[in-house]
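All remarks here apply to the structure that follows.
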2 protein chains.
Amino acid sequence: MTEQKLSETSPVGLPGSAGPVAPGPGAVAALRPLGPDQVRLDPGGLLGRWQRRNATDTLPHCVDNLHRAGNIGNLRAAAGELDTAFTGMWFADSDVYKTLEAAAWELGTSPGDATLRSFVEDTVALLARAQQPDGYLNSYFTVVAPDERWRKPDWSHELYCAGHLFQAAVAAARTGASPGLVTVARRFADLLVERFGPGGVEEVCGHPEVETALAELYRLTGHRPYLDLARRFLDLRGRGLLGPGRFGPAYYQDHVPVREAREVAGHAVRQLYLLAGMVDVGVETGDHTLLDAAERLWEDAVNRRTYVTGAHGSRHRDEAYGDPYELPPDRAYAETCAAIASFQLNWRLLLATGRARYADEMERVLYNAVAPAVSSDGRHFFYSNPLQLRTGHSSSGEEEAARRLSWYSCACCPPNIARLMASLHSYLATAHDDGLQIHLYASGSVDAVVAGAAAHMDVRTEYPWRGRIELTVSAETAVPWTLALRVPAWCDAYTVRIDGGPVMAPARDGYIRLTRVWAPGTTVVLDLDMPVRHVTAHPRVDAVRGCVALARGPLVYCLEQADLPPGTVLEDVRLDLAAPAVTAASATSGGNTPDIPVVINVGGQVAHTGDSLYATGRRRERPGTPLTLTAVPYFLWGNRNEGPMRVWIPVATP
Amino acid sequence: MTEQKLSETSPVGLPGSAGPVAPGPGAVAALRPLGPDQVRLDPGGLLGRWQRRNATDTLPHCVDNLHRAGNIGNLRAAAGELDTAFTGMWFADSDVYKTLEAAAWELGTSPGDATLRSFVEDTVALLARAQQPDGYLNSYFTVVAPDERWRKPDWSHELYCAGHLFQAAVAAARTGASPGLVTVARRFADLLVERFGPGGVEEVCGHPEVETALAELYRLTGHRPYLDLARRFLDLRGRGLLGPGRFGPAYYQDHVPVREAREVAGHAVRQLYLLAGMVDVGVETGDHTLLDAAERLWEDAVNRRTYVTGAHGSRHRDEAYGDPYELPPDRAYAETCAAIASFQLNWRLLLATGRARYADEMERVLYNAVAPAVSSDGRHFFYSNPLQLRTGHSSSGEEEAARRLSWYSCACCPPNIARLMASLHSYLATAHDDGLQIHLYASGSVDAVVAGAAAHMDVRTEYPWRGRIELTVSAETAVPWTLALRVPAWCDAYTVRIDGGPVMAPARDGYIRLTRVWAPGTTVVLDLDMPVRHVTAHPRVDAVRGCVALARGPLVYCLEQADLPPGTVLEDVRLDLAAPAVTAASATSGGNTPDIPVVINVGGQVAHTGDSLYATGRRRERPGTPLTLTAVPYFLWGNRNEGPMRVWIPVATP
């Protein structure tokens with residue numbers, strides 16, 4: 001064990017320009033991420049506004065609530081500085097870590113934020129004091145149940161919490177926000193290696209997360225035992241080590257070895273974090289079986305068990321994937337954390353393979369599964385993101401809330417949003433030796449070294465409201481290189497102009513590839529056609545038979561009660577497929593209504609539905625009262641007032 | 001408190017001929033139940049076979065499992081006779097009481113069953129020994145957590161368990177199976193009156209049940225404080241005494257006073273038992289506000305939140321009612337106990353009001369929500385009764401099992417089935433001064449005193465397989481009286497013959513009323529037309545849009561994988577509405593296949609559905625491969641082999 005202990009004294013990885021997920025030099029990776037200091041989001045664009053709101057509202061709100069809800073107090077109690085009772089969930093430390101991670105990414109962008117910096121410094125110092133002499137760090141198992149330490153792996157979340165600590169430390173080191181946190185993290189990580197490493201205890205955590213975190217800690221430090229431990233946790237999974245538990249071993253993906261799994265299963269967040277770990281370990285070790293399994297499971301998820309919004313998780317009972325094609329919109333669990341996990345997983349798969357389908361999925365999930373979780377004020381959140389809220393809905397818990405709540409008793413989602421939004425700019429573009437790849441479109445700029453020389457790009461766009469993207473590219477080299485621009489899967493037609501002249505630019509594998517010498521100031525205009533689309537689901541998705549969803553560009557739309565004439569029951573509204581769909585700027589604004597740049601107006605009717613719940617013989621709906629329906633972006637739902645909403649709209653029978 | 005204590009020495013109510021629910025002489029009741037010794041089920045008919053199977057298999061299986069699972073051991077530990085650890089749920093005593101109640105009803109029919117009699121005698125003696133000196137009786141709170149007694153009303157189920165004890169004691173007294181159990185019950189009931197009665201603790205139980213049980217104990221004993229306590233529990237409910245709990249106060253119907261509730265809510269079994277208590281107390285006290293509220297809530301349940309099978313409960317998470325029209329077939333919770341509770345509630349409402357709709361509901365729920373829970377062998381049970389099982393279903397717990405299990409860790413359902421089936425004959429018919437009413441049709445016989453004289457009736461029928469019901473009526477009086485025969489709501493056409501001659505017999509309020517002097521041997525033949533019906537749901541039930549269910553007579557049918565050609569995916573099957581539906585005897589028998597007297601053959605097709613989960617533009621299904629579909633009674637599903645099943649069948653687009 002002395003070998004691993006040495007790591008404590010080995011130099012901490014250099015804080016370099018790296019964002020979340022930084023494959024090592026030897027990793028199997030098709031694309032290389034850019035550093036967070038290489039991409040900037042324009043605060044005028046939608047993504048830039050989200051990131052700004054995250055900095056001004058969501059993140060301070062999280063910090064406040066860590067104090068208010070007792071998470072910080074728990075750590076002070078663990079440090080012996082407070083004598084209060086433990087409060088909140090037993091894995092409450094993880095919310096501190098996610099907030100720290102968010103703060104670290106944000107300090108990378110806004111190093112002058114003194115309040116945030118002192119939060120980080122104070123919290124890192126507190127963590128160092130709360131850490132036990134052997135490196136163990138967990139306030140619940142220190143304060144409440146020291147005798148239970150390491151004894152309830154199916155339930156304890158000890159390694160899950162450790163994973164979030166490691167991720168926070170990696171972010172703090174990469175951005176230079178706090179080198180000290182890595183010391184804390186490594187002391188704990190070394191303890192894990194000692195206990196769970198080769199020859200140690202054969203155990204896995206009920207909630208995967210530590211695998212991807214250990215891989216990232218390895219990437220930061222170059223300390224191989226971390227990666228080996230991540231791989232060992234993957235290898236040990238699926239052997240029933242966790243026992244059946246309340247929901248069966250599939251709940252925590254312990255029912256089958258990870259390389260043999262054919263279907264995603266169980267708790268969606270756990271499944272997705274586990275897949276992220278599989279990709280990280282796979283690319284770092286060159287173990288293709290892990291990457292292959294991850295891609296296969298991705299296909300099962302995306303082809304049979306994903307909502308049209310990109311959300312994962314059909315069941316409330318165990319926060320789990322359902323059976324194939326079991327995708328009820330009203331009971332969609334669609335946990336915010338699962339959407340974030342999907343975004344993170346797809347980024348890893350994109351880096352590993354360069355396949356556009358992963359970037360498509362990032363886009364879908366970002367706009368339609370992550371964004372809806374945050375209110376316009378940045379201080380209220382959905383835990384669960386249903387695709388339909390019925391007239392007469394009554395909630396029986398926070399996960400069934402009809403409106404975004406300020407905080408949650410299990411507050412995993414808000415700080416998870418914060419860490420994603422604070423690092424959002426890191427996910428837009430990648431580079432490799434002979435080019436630059438743009439995956440997500442947003443106003444901002446990119447600086448990179450391409451073909452051995454500096455390149456700069458400005459992006460101007462009103463995306464996702466308009467499909468026109470203007471890029472100005474300047475490279476300090478006469479060597480040609482390739483600019484790859486993603487053509488989203490939803491886009492059927494587009495045009496490209498370079499310096500004003502149209503060019504033929506066929507998309508191959510989801511990308512337009514423009515190869516040339518990029519004289520300073522070269523302009524590229526990509527214009528993606530963005531008609532309103534009627535989206536239909538596979539007929540095996542019984543829950544939305546006879547319905548369509550409205551979409552435009554990357555955005556899924558929905559109907560809200562707020563846009564219906566008074567007295568109209570949303571459940572009785574039908575969409576007229578033959579009627580033209582027209583886009584318009586929001587005409588329904590007023591009061592605290594958020595600005596909606598593009599709404600969709602489409603013809604519909606209000607059906608006369610009768611009274612009886614069941615009847616003999618086919619019911620033919622009488623032609624309903626015509627009306628014009630206004631659909632709004634799903635990510636904005638529930639910001640005006642609480643009320644019924646639906647994404648899938650029944651089609652009027654002709 | 002001395003007044004109530006006197007009850008201990010007052011004579012126990014006479015064991016008379018009374019079944020479950022025996023309104024007192026002063027009760028507001030439109031109809032009077034017959035005693036269990038007045039109705040006999042022919043063991044050749046379906047209901048008679050069910051009752052017989054219950055006696056030979058289900059009930060002995062329950063007794064065995066009470067020993068095996070530790071329920072009896074828990075009581076022995078409470079009696080100080082065993083030193084083993086408590087096993088099972090903290091409310092495990094209730095399963096003993098329900099089995100005792102079942103045994104009592106069964107002994108009323110089969111008094112010579114020595115094994116059953118000794119089970120009752122042994123168990124009653126054990127309960128007397130386990131009872132605490134003050135009358136308290138609960139093995140969990142005696143053995144495991146004596147300090148918690150009465151301290152966790154939201155969770156403890158102490159009064160729930162007491163209620164089942166009282167119901168068992170009432171059954172044992174009414175059938176003469178064990179007078180001693182009433183002594184045990186009254187000692188506990190008197191303790192409840194002392195603690196919770198007027199001037200006592202203001203508290204209610206998280207799981208309603210004791211209210212209806214106390215009313216029945218009052219009916220047996222005439223001891224008014226029991227009824228008053230039941231009423232007090234109802235009056236105290238809805239004041240938030242239980243606190244919010246995990247799922248909010250509506251989970252246990254503590255969110256609104258019972259008389260003010262406008263919608264059923266929360267845990268379905270709790271809601272239905274509560275409604276039963278409201279009716280019992282309402283009719284005994286003449287408090288119409290309780291009965292009115294119960295009827296109003298019944299209407300909400302049946303018109304907006306009941307499955308086509310009569311099942312209640314749309315959600316797994318909190319075993320609860322969903323929002324209005326939220327009735328997913330695949331995630332139907334449809335707990336067996338809720339179906340039984342609905343049957344019991346409807347019987348109470350039928351007695352109180354005489355309205356046919358309650359008898360209709362009893363029939364629907366008995367054949368399609370209670371019966372499916374029991375396997376053909378009577379020894380395996382569903383806890384949850386989904387209306388669809390998907391291809392690729394994987395269960396994450398007992399409540400999601402794809403097949404009937406032998407026993408459950410929470411084994412509330414099997415003994416609940418046993419007590420209903422053992423008393424099933426009590427629910428077929430009623431009487432009042434000027435007539436006899438037949439509500440459920442089954443081969444058997446009825447003896448009653450009508451118009452002051454003995455009347456006897458034999459019933460011969462193959463119901464529910466055939467609609468022909470032959471009754472032979474003999475009355476020992478020349479005074480005319482009225483025989484009322486229910487015309488089920490599903491029936492559009494019928495004929496009546498008396499002594500071979502057709503009579504005009506218009507149904508009024510759901511009943512044909514035949515008034516005459518019933519000379520011995522008068523024959524009445526009621527022939528109910530029983531075509532195959534296509535049942536459709538209200539368009540607000542999004543989950544089954546574009547689907548029909550097949551039904552015939554009182555039976556709902558379903559498709560099973562077992563009847564499809566190999567390789568056919570059930571989710572791709574479509575029903576051809578234009579094709580004729582033909583009934584036939586089961587042609588698919590073989591091996592352990594149960595005999596199915598009537599299956600439905602109907603034209604259908606296998607759709608070509610394509611691959612993509614979501615696509616732009618409307619998908620038009622290409623005309624599928626034609627095939628003949630065979631539908632089997634839903635109550636028999638899953639008896640041949642485990643596999644996909646569905647009640648709601650998508651209709652082929654013409």
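Please note that chains go A, B, ... in the order of the structure tokens, that every chain numbers its residues from 1, and that ligands are numbered from 1 in the order shown.
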
Practice item. List the neighbours of stretch 189-206 of chain B out to 9 Å using only C-alpha atoms; skip same-chain residues closer than 3 positions along the sequence, and give me the result as a ChimeraX atom specification. Key: /B:1,4-5,7-8,134-136,152-160,162,166,184-186,209-210,214,217,225-226,228-229,232-234,236-237,241-242,251-254,270

Exercise for review: Based on DSSP run over this structure's backbone, return all residues of stretch 20-69 of chain A in alpha helix (DSSP H), as a ChimeraX atom specification.
Suggested key: /A:46-53,59-68

Please write the residues from the selection above to a file, keeping N, CA and C atoms, as a PDB file, in the first residue's frame.
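Result file follows (selection.pdb):
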```
ATOM      1  N   LEU A  46     -28.815  32.936 -26.163  1.00  0.00           N
ATOM      2  CA  LEU A  46     -29.600  32.197 -25.176  1.00  0.00           C
ATOM      3  C   LEU A  46     -28.697  31.406 -24.228  1.00  0.00           C
ATOM      4  N   LEU A  47     -27.732  30.681 -24.766  1.00  0.00           N
ATOM      5  CA  LEU A  47     -26.840  29.909 -23.885  1.00  0.00           C
ATOM      6  C   LEU A  47     -26.035  30.838 -22.992  1.00  0.00           C
ATOM      7  N   GLY A  48     -25.595  31.946 -23.540  1.00  0.00           N
ATOM      8  CA  GLY A  48     -24.855  32.919 -22.735  1.00  0.00           C
ATOM      9  C   GLY A  48     -25.730  33.494 -21.628  1.00  0.00           C
ATOM     10  N   ARG A  49     -26.989  33.736 -21.955  1.00  0.00           N
ATOM     11  CA  ARG A  49     -27.910  34.252 -20.931  1.00  0.00           C
ATOM     12  C   ARG A  49     -28.115  33.218 -19.828  1.00  0.00           C
ATOM     13  N   TRP A  50     -28.245  31.959 -20.253  1.00  0.00           N
ATOM     14  CA  TRP A  50     -28.394  30.902 -19.244  1.00  0.00           C
ATOM     15  C   TRP A  50     -27.172  30.843 -18.335  1.00  0.00           C
ATOM     16  N   GLN A  51     -26.004  30.949 -18.946  1.00  0.00           N
ATOM     17  CA  GLN A  51     -24.791  30.873 -18.134  1.00  0.00           C
ATOM     18  C   GLN A  51     -24.670  32.073 -17.198  1.00  0.00           C
ATOM     19  N   ARG A  52     -25.070  33.226 -17.702  1.00  0.00           N
ATOM     20  CA  ARG A  52     -25.029  34.440 -16.891  1.00  0.00           C
ATOM     21  C   ARG A  52     -26.006  34.331 -15.721  1.00  0.00           C
ATOM     22  N   ARG A  53     -27.214  33.885 -16.026  1.00  0.00           N
ATOM     23  CA  ARG A  53     -28.236  33.709 -14.982  1.00  0.00           C
ATOM     24  C   ARG A  53     -27.762  32.702 -13.938  1.00  0.00           C
ATOM     25  N   LEU A  59     -26.342  29.917  -8.915  1.00  0.00           N
ATOM     26  CA  LEU A  59     -25.210  29.540  -8.068  1.00  0.00           C
ATOM     27  C   LEU A  59     -25.271  30.215  -6.693  1.00  0.00           C
ATOM     28  N   PRO A  60     -25.492  31.543  -6.609  1.00  0.00           N
ATOM     29  CA  PRO A  60     -25.658  32.135  -5.275  1.00  0.00           C
ATOM     30  C   PRO A  60     -26.830  31.521  -4.505  1.00  0.00           C
ATOM     31  N   HIS A  61     -27.897  31.190  -5.216  1.00  0.00           N
ATOM     32  CA  HIS A  61     -29.049  30.546  -4.581  1.00  0.00           C
ATOM     33  C   HIS A  61     -28.647  29.199  -3.988  1.00  0.00           C
ATOM     34  N   CYS A  62     -27.839  28.442  -4.720  1.00  0.00           N
ATOM     35  CA  CYS A  62     -27.354  27.158  -4.205  1.00  0.00           C
ATOM     36  C   CYS A  62     -26.507  27.356  -2.953  1.00  0.00           C
ATOM     37  N   VAL A  63     -25.601  28.326  -3.025  1.00  0.00           N
ATOM     38  CA  VAL A  63     -24.728  28.576  -1.868  1.00  0.00           C
ATOM     39  C   VAL A  63     -25.577  28.929  -0.657  1.00  0.00           C
ATOM     40  N   ASP A  64     -26.542  29.833  -0.848  1.00  0.00           N
ATOM     41  CA  ASP A  64     -27.435  30.203   0.257  1.00  0.00           C
ATOM     42  C   ASP A  64     -28.111  28.983   0.857  1.00  0.00           C
ATOM     43  N   ASN A  65     -28.594  28.134  -0.041  1.00  0.00           N
ATOM     44  CA  ASN A  65     -29.374  26.998   0.453  1.00  0.00           C
ATOM     45  C   ASN A  65     -28.518  25.925   1.089  1.00  0.00           C
ATOM     46  N   LEU A  66     -27.268  25.840   0.709  1.00  0.00           N
ATOM     47  CA  LEU A  66     -26.385  24.899   1.409  1.00  0.00           C
ATOM     48  C   LEU A  66     -26.263  25.298   2.875  1.00  0.00           C
ATOM     49  N   HIS A  67     -26.241  26.613   3.116  1.00  0.00           N
ATOM     50  CA  HIS A  67     -26.197  27.083   4.499  1.00  0.00           C
ATOM     51  C   HIS A  67     -27.543  26.857   5.171  1.00  0.00           C
ATOM     52  N   ARG A  68     -28.600  27.275   4.466  1.00  0.00           N
ATOM     53  CA  ARG A  68     -29.935  27.254   5.064  1.00  0.00           C
ATOM     54  C   ARG A  68     -30.393  25.820   5.343  1.00  0.00           C
TER      55      ARG A  68
END
```

Study note, to complete from the structure: Min atom-atom distance to chain A from the set B:Pro566, B:Pro36, B:Gly392, B:Gly624, counting only C-alpha atoms, belongs to B:Gly392

Every residue of stretch 91-333 of chain A that DSSP places in strand (DSSP E or B), as a tab-separated table (two decimals) with N, CA, C and O atoms, in the first residue's frame:
```tsv
chain	number	residue	atom	x	y	z
A	267	HIS	N	-32.56	2.73	-12.04
A	267	HIS	CA	-32.48	4.16	-11.74
A	267	HIS	C	-31.71	4.87	-12.86
A	267	HIS	O	-30.55	4.56	-13.12
A	306	THR	N	-36.38	6.85	-24.48
A	306	THR	CA	-36.07	8.26	-24.25
A	306	THR	C	-37.26	9.12	-24.69
A	306	THR	O	-37.87	8.86	-25.72
A	312	HIS	N	-34.77	11.07	-19.68
A	312	HIS	CA	-34.71	9.65	-19.34
A	312	HIS	C	-35.45	9.39	-18.04
A	312	HIS	O	-35.39	10.19	-17.12
A	315	ARG	N	-40.43	6.15	-14.75
A	315	ARG	CA	-41.16	5.69	-13.55
A	315	ARG	C	-40.81	6.49	-12.30
A	315	ARG	O	-39.64	6.71	-12.00
A	320	ALA	N	-36.84	5.14	-12.44
A	320	ALA	CA	-36.18	4.18	-13.33
A	320	ALA	C	-36.64	4.27	-14.77
A	320	ALA	O	-37.68	4.85	-15.09
```

Revision key, fill the gap. Closest of A:Ile596, A:Ile649, A:Leu41, A:Ala356 to A:Arg508, counting only C-alpha atoms, is A:Ala356

Practice item. Write out as a list of chain:residue names which residues come within 10 Å of stretch 54-57 of chain B when counting only C-alpha atoms, dropping same-chain ones fewer than 3 positions away. Key: B:Gly48, B:Arg49, B:Trp50, B:Gln51, B:Pro60, B:His61, B:Cys62, B:Ala102, B:Ala103, B:Glu106, B:Leu107, B:Thr109, B:Ser110, B:Asp113, B:Leu116, B:Val374, B:Asp377, B:Gly378, B:Arg379, B:His380, B:Ile417, B:Ala418, B:Arg419, B:Leu420, B:Met421, B:Ala422

Practice item. Identify which of the residues A:Ala168, A:Ala145, A:Ala85, A:Ala489 lies closest to A:Thr99, counting only C-alpha atoms when measuring atom-to-atom distances. Key: A:Ala168

**Study point:** Selection: 9 Å around B:Phe141, only C-alpha atoms, excl. self and same-chain fewer than 6 positions, as an MDAnalysis selection string
**Key:** chainID B and resid 78 90 147:150 156 158

Surrounding residues of stretch 545-558 of chain A excluding itself and chain neighbours under 6 positions, 8 Å, only C-alpha atoms, as a short mmCIF file (atom, residue, chain, number, x, y, z; two decimals) with N, CA, C and O atoms, in the first residue's frame:
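Wrote it out as part_32.cif, contents follow:
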```
data_model
loop_
_atom_site.label_atom_id
_atom_site.label_comp_id
_atom_site.auth_asym_id
_atom_site.auth_seq_id
_atom_site.Cartn_x
_atom_site.Cartn_y
_atom_site.Cartn_z
N VAL A 308 -39.22 12.46 -26.07
CA VAL A 308 -38.94 13.33 -27.23
C VAL A 308 -38.13 14.55 -26.80
O VAL A 308 -37.47 15.19 -27.63
N THR A 309 -38.14 14.84 -25.53
CA THR A 309 -37.35 15.95 -24.99
C THR A 309 -35.91 15.54 -24.73
O THR A 309 -35.09 16.38 -24.34
N GLU A 363 -27.68 18.41 -27.80
CA GLU A 363 -28.52 19.57 -28.11
C GLU A 363 -29.96 19.34 -27.65
O GLU A 363 -30.56 20.19 -27.01
N ARG A 364 -30.48 18.17 -27.98
CA ARG A 364 -31.87 17.88 -27.61
C ARG A 364 -32.06 17.96 -26.10
O ARG A 364 -33.01 18.56 -25.61
N TYR A 367 -31.66 21.68 -24.49
CA TYR A 367 -32.76 22.63 -24.68
C TYR A 367 -34.09 22.13 -24.11
O TYR A 367 -34.95 22.93 -23.76
N ASN A 368 -34.26 20.82 -24.06
CA ASN A 368 -35.60 20.30 -23.76
C ASN A 368 -35.70 19.45 -22.50
O ASN A 368 -36.79 19.06 -22.11
N PRO A 464 -31.39 29.34 -30.65
CA PRO A 464 -32.19 28.40 -31.46
C PRO A 464 -33.44 29.03 -32.09
O PRO A 464 -34.24 28.29 -32.65
N TRP A 465 -33.56 30.38 -31.97
CA TRP A 465 -34.78 31.00 -32.52
C TRP A 465 -34.71 31.14 -34.04
O TRP A 465 -35.73 31.09 -34.71
N GLY A 467 -32.23 29.99 -37.61
CA GLY A 467 -31.25 28.99 -38.05
C GLY A 467 -30.00 29.57 -38.68
O GLY A 467 -29.13 28.84 -39.12
N TRP A 490 -32.32 17.14 -37.03
CA TRP A 490 -33.68 17.64 -37.32
C TRP A 490 -33.73 18.49 -38.58
O TRP A 490 -34.80 18.83 -39.06
N CYS A 491 -32.57 18.82 -39.15
CA CYS A 491 -32.52 19.78 -40.25
C CYS A 491 -32.47 19.07 -41.61
O CYS A 491 -31.56 18.28 -41.88
N MET A 530 -35.59 25.99 -40.69
CA MET A 530 -36.21 25.72 -39.39
C MET A 530 -37.73 25.74 -39.45
O MET A 530 -38.37 26.53 -38.76
N PRO A 531 -38.31 24.90 -40.27
CA PRO A 531 -39.78 24.89 -40.31
C PRO A 531 -40.35 24.24 -39.04
O PRO A 531 -39.63 23.55 -38.32
N VAL A 532 -41.61 24.50 -38.80
CA VAL A 532 -42.29 23.79 -37.71
C VAL A 532 -42.43 22.33 -38.12
O VAL A 532 -42.79 22.03 -39.26
N ARG A 533 -42.11 21.44 -37.23
CA ARG A 533 -42.22 20.01 -37.53
C ARG A 533 -43.32 19.36 -36.68
O ARG A 533 -43.50 19.69 -35.51
N HIS A 534 -44.04 18.45 -37.31
CA HIS A 534 -44.93 17.56 -36.57
C HIS A 534 -44.14 16.30 -36.25
O HIS A 534 -43.77 15.57 -37.17
N VAL A 535 -43.90 16.06 -35.01
CA VAL A 535 -43.12 14.88 -34.62
C VAL A 535 -44.09 13.78 -34.18
O VAL A 535 -45.04 14.04 -33.43
N THR A 536 -43.83 12.59 -34.67
CA THR A 536 -44.65 11.44 -34.28
C THR A 536 -43.76 10.42 -33.58
O THR A 536 -42.56 10.36 -33.81
N ALA A 537 -44.39 9.62 -32.75
CA ALA A 537 -43.66 8.60 -32.00
C ALA A 537 -43.90 7.23 -32.61
O ALA A 537 -44.90 7.01 -33.31
N PRO A 539 -45.23 3.66 -33.07
CA PRO A 539 -46.56 3.20 -32.65
C PRO A 539 -46.56 2.34 -31.39
O PRO A 539 -47.59 2.18 -30.76
N ALA A 631 -48.50 27.42 -29.35
CA ALA A 631 -47.56 26.55 -28.65
C ALA A 631 -46.31 27.34 -28.28
O ALA A 631 -45.84 28.18 -29.06
N VAL A 632 -45.80 27.09 -27.11
CA VAL A 632 -44.62 27.80 -26.61
C VAL A 632 -43.50 26.78 -26.39
O VAL A 632 -43.76 25.59 -26.23
N PRO A 633 -42.26 27.24 -26.38
CA PRO A 633 -41.16 26.29 -26.13
C PRO A 633 -41.36 25.58 -24.79
O PRO A 633 -41.64 26.23 -23.78
N TYR A 634 -41.22 24.28 -24.84
CA TYR A 634 -41.41 23.48 -23.63
C TYR A 634 -40.50 23.94 -22.49
O TYR A 634 -40.90 23.94 -21.33
N PHE A 635 -39.32 24.39 -22.83
CA PHE A 635 -38.39 24.74 -21.75
C PHE A 635 -38.87 25.95 -20.95
O PHE A 635 -38.41 26.20 -19.85
N TRP A 637 -42.16 26.36 -20.12
CA TRP A 637 -43.49 26.10 -19.54
C TRP A 637 -43.48 26.40 -18.04
O TRP A 637 -42.47 26.30 -17.37
N MET A 645 -50.56 21.55 -19.04
CA MET A 645 -49.60 21.67 -20.13
C MET A 645 -49.53 20.33 -20.84
O MET A 645 -49.73 19.30 -20.21
N ARG A 646 -49.27 20.35 -22.13
CA ARG A 646 -48.98 19.07 -22.79
C ARG A 646 -48.08 19.28 -24.00
O ARG A 646 -48.24 20.24 -24.76
N VAL A 647 -47.16 18.35 -24.18
CA VAL A 647 -46.27 18.33 -25.34
C VAL A 647 -46.93 17.56 -26.49
O VAL A 647 -46.91 18.00 -27.63
N TRP A 648 -47.49 16.42 -26.18
CA TRP A 648 -48.12 15.57 -27.20
C TRP A 648 -49.57 15.99 -27.35
O TRP A 648 -50.34 15.94 -26.38
N ILE A 649 -49.96 16.37 -28.57
CA ILE A 649 -51.29 16.93 -28.79
C ILE A 649 -52.09 15.97 -29.66
O ILE A 649 -51.65 15.58 -30.75
N PRO A 650 -53.27 15.58 -29.19
CA PRO A 650 -54.09 14.68 -30.00
C PRO A 650 -54.46 15.34 -31.32
O PRO A 650 -54.78 16.53 -31.38
N VAL A 651 -54.42 14.56 -32.37
CA VAL A 651 -54.74 15.07 -33.69
C VAL A 651 -56.24 14.95 -33.91
O VAL A 651 -56.85 13.94 -33.56
N ALA B 543 -54.07 7.55 -22.37
CA ALA B 543 -53.26 6.32 -22.42
C ALA B 543 -53.84 5.26 -23.33
O ALA B 543 -53.11 4.35 -23.73
N VAL B 544 -55.13 5.33 -23.67
CA VAL B 544 -55.71 4.29 -24.53
C VAL B 544 -56.37 4.89 -25.77
O VAL B 544 -57.27 4.29 -26.35
N ARG B 545 -55.92 6.07 -26.14
CA ARG B 545 -56.44 6.70 -27.36
C ARG B 545 -56.25 5.75 -28.55
O ARG B 545 -55.22 5.10 -28.69
N GLY B 546 -57.29 5.66 -29.38
CA GLY B 546 -57.18 4.82 -30.57
C GLY B 546 -57.30 3.33 -30.30
O GLY B 546 -56.96 2.52 -31.16
N ARG B 618 -46.38 12.72 -40.16
CA ARG B 618 -47.28 11.70 -39.68
C ARG B 618 -46.85 10.35 -40.22
O ARG B 618 -46.49 10.22 -41.38
#
```

Review point. Atom CA of A:Val28 and atom CA of A:Ala171 are how many Å apart?
Key: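 Here the two named atoms are 22.1 Å from each other.
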
Review point. Hey, what's within 7 Å of B:Thr625 if we count only C-alpha atoms and toss same-chain stuff fewer than 4 positions away? As a ChimeraX atom specification, please?
Key: /B:605-607

Review point. Got a sec: who's within 9 Å of A:Pro580, counting only C-alpha atoms, leaving out chain neighbours fewer than 5 positions off, as a ChimeraX atom specification?
Key: /A:601-603

Practice item. Considering only C-alpha atoms, state which residue in the set A:Asn74, A:Ser406, A:Asn639, A:Ser94 is at the smallest distance from A:Asp595. Key: A:Asn639

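Taking atom CA of B:Ala261 and atom CA of A:Gly567 as the two end points, the separation is 22.9 Å.
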
Exercise for review: Between B:Leu291, B:Leu272, B:Leu485, B:Val264, single out the one closest to chain A, counting only C-alpha atoms.
Suggested key: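 Looking at the shortest contact to chain A, the residue is B:Val264.
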
Exercise for review: One decimal, Å: what's the distance from atom CA of B:Ala448 over to atom CA of B:Ala478, could you say?
Suggested key: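 Interatomic distance here is 15.5 Å.
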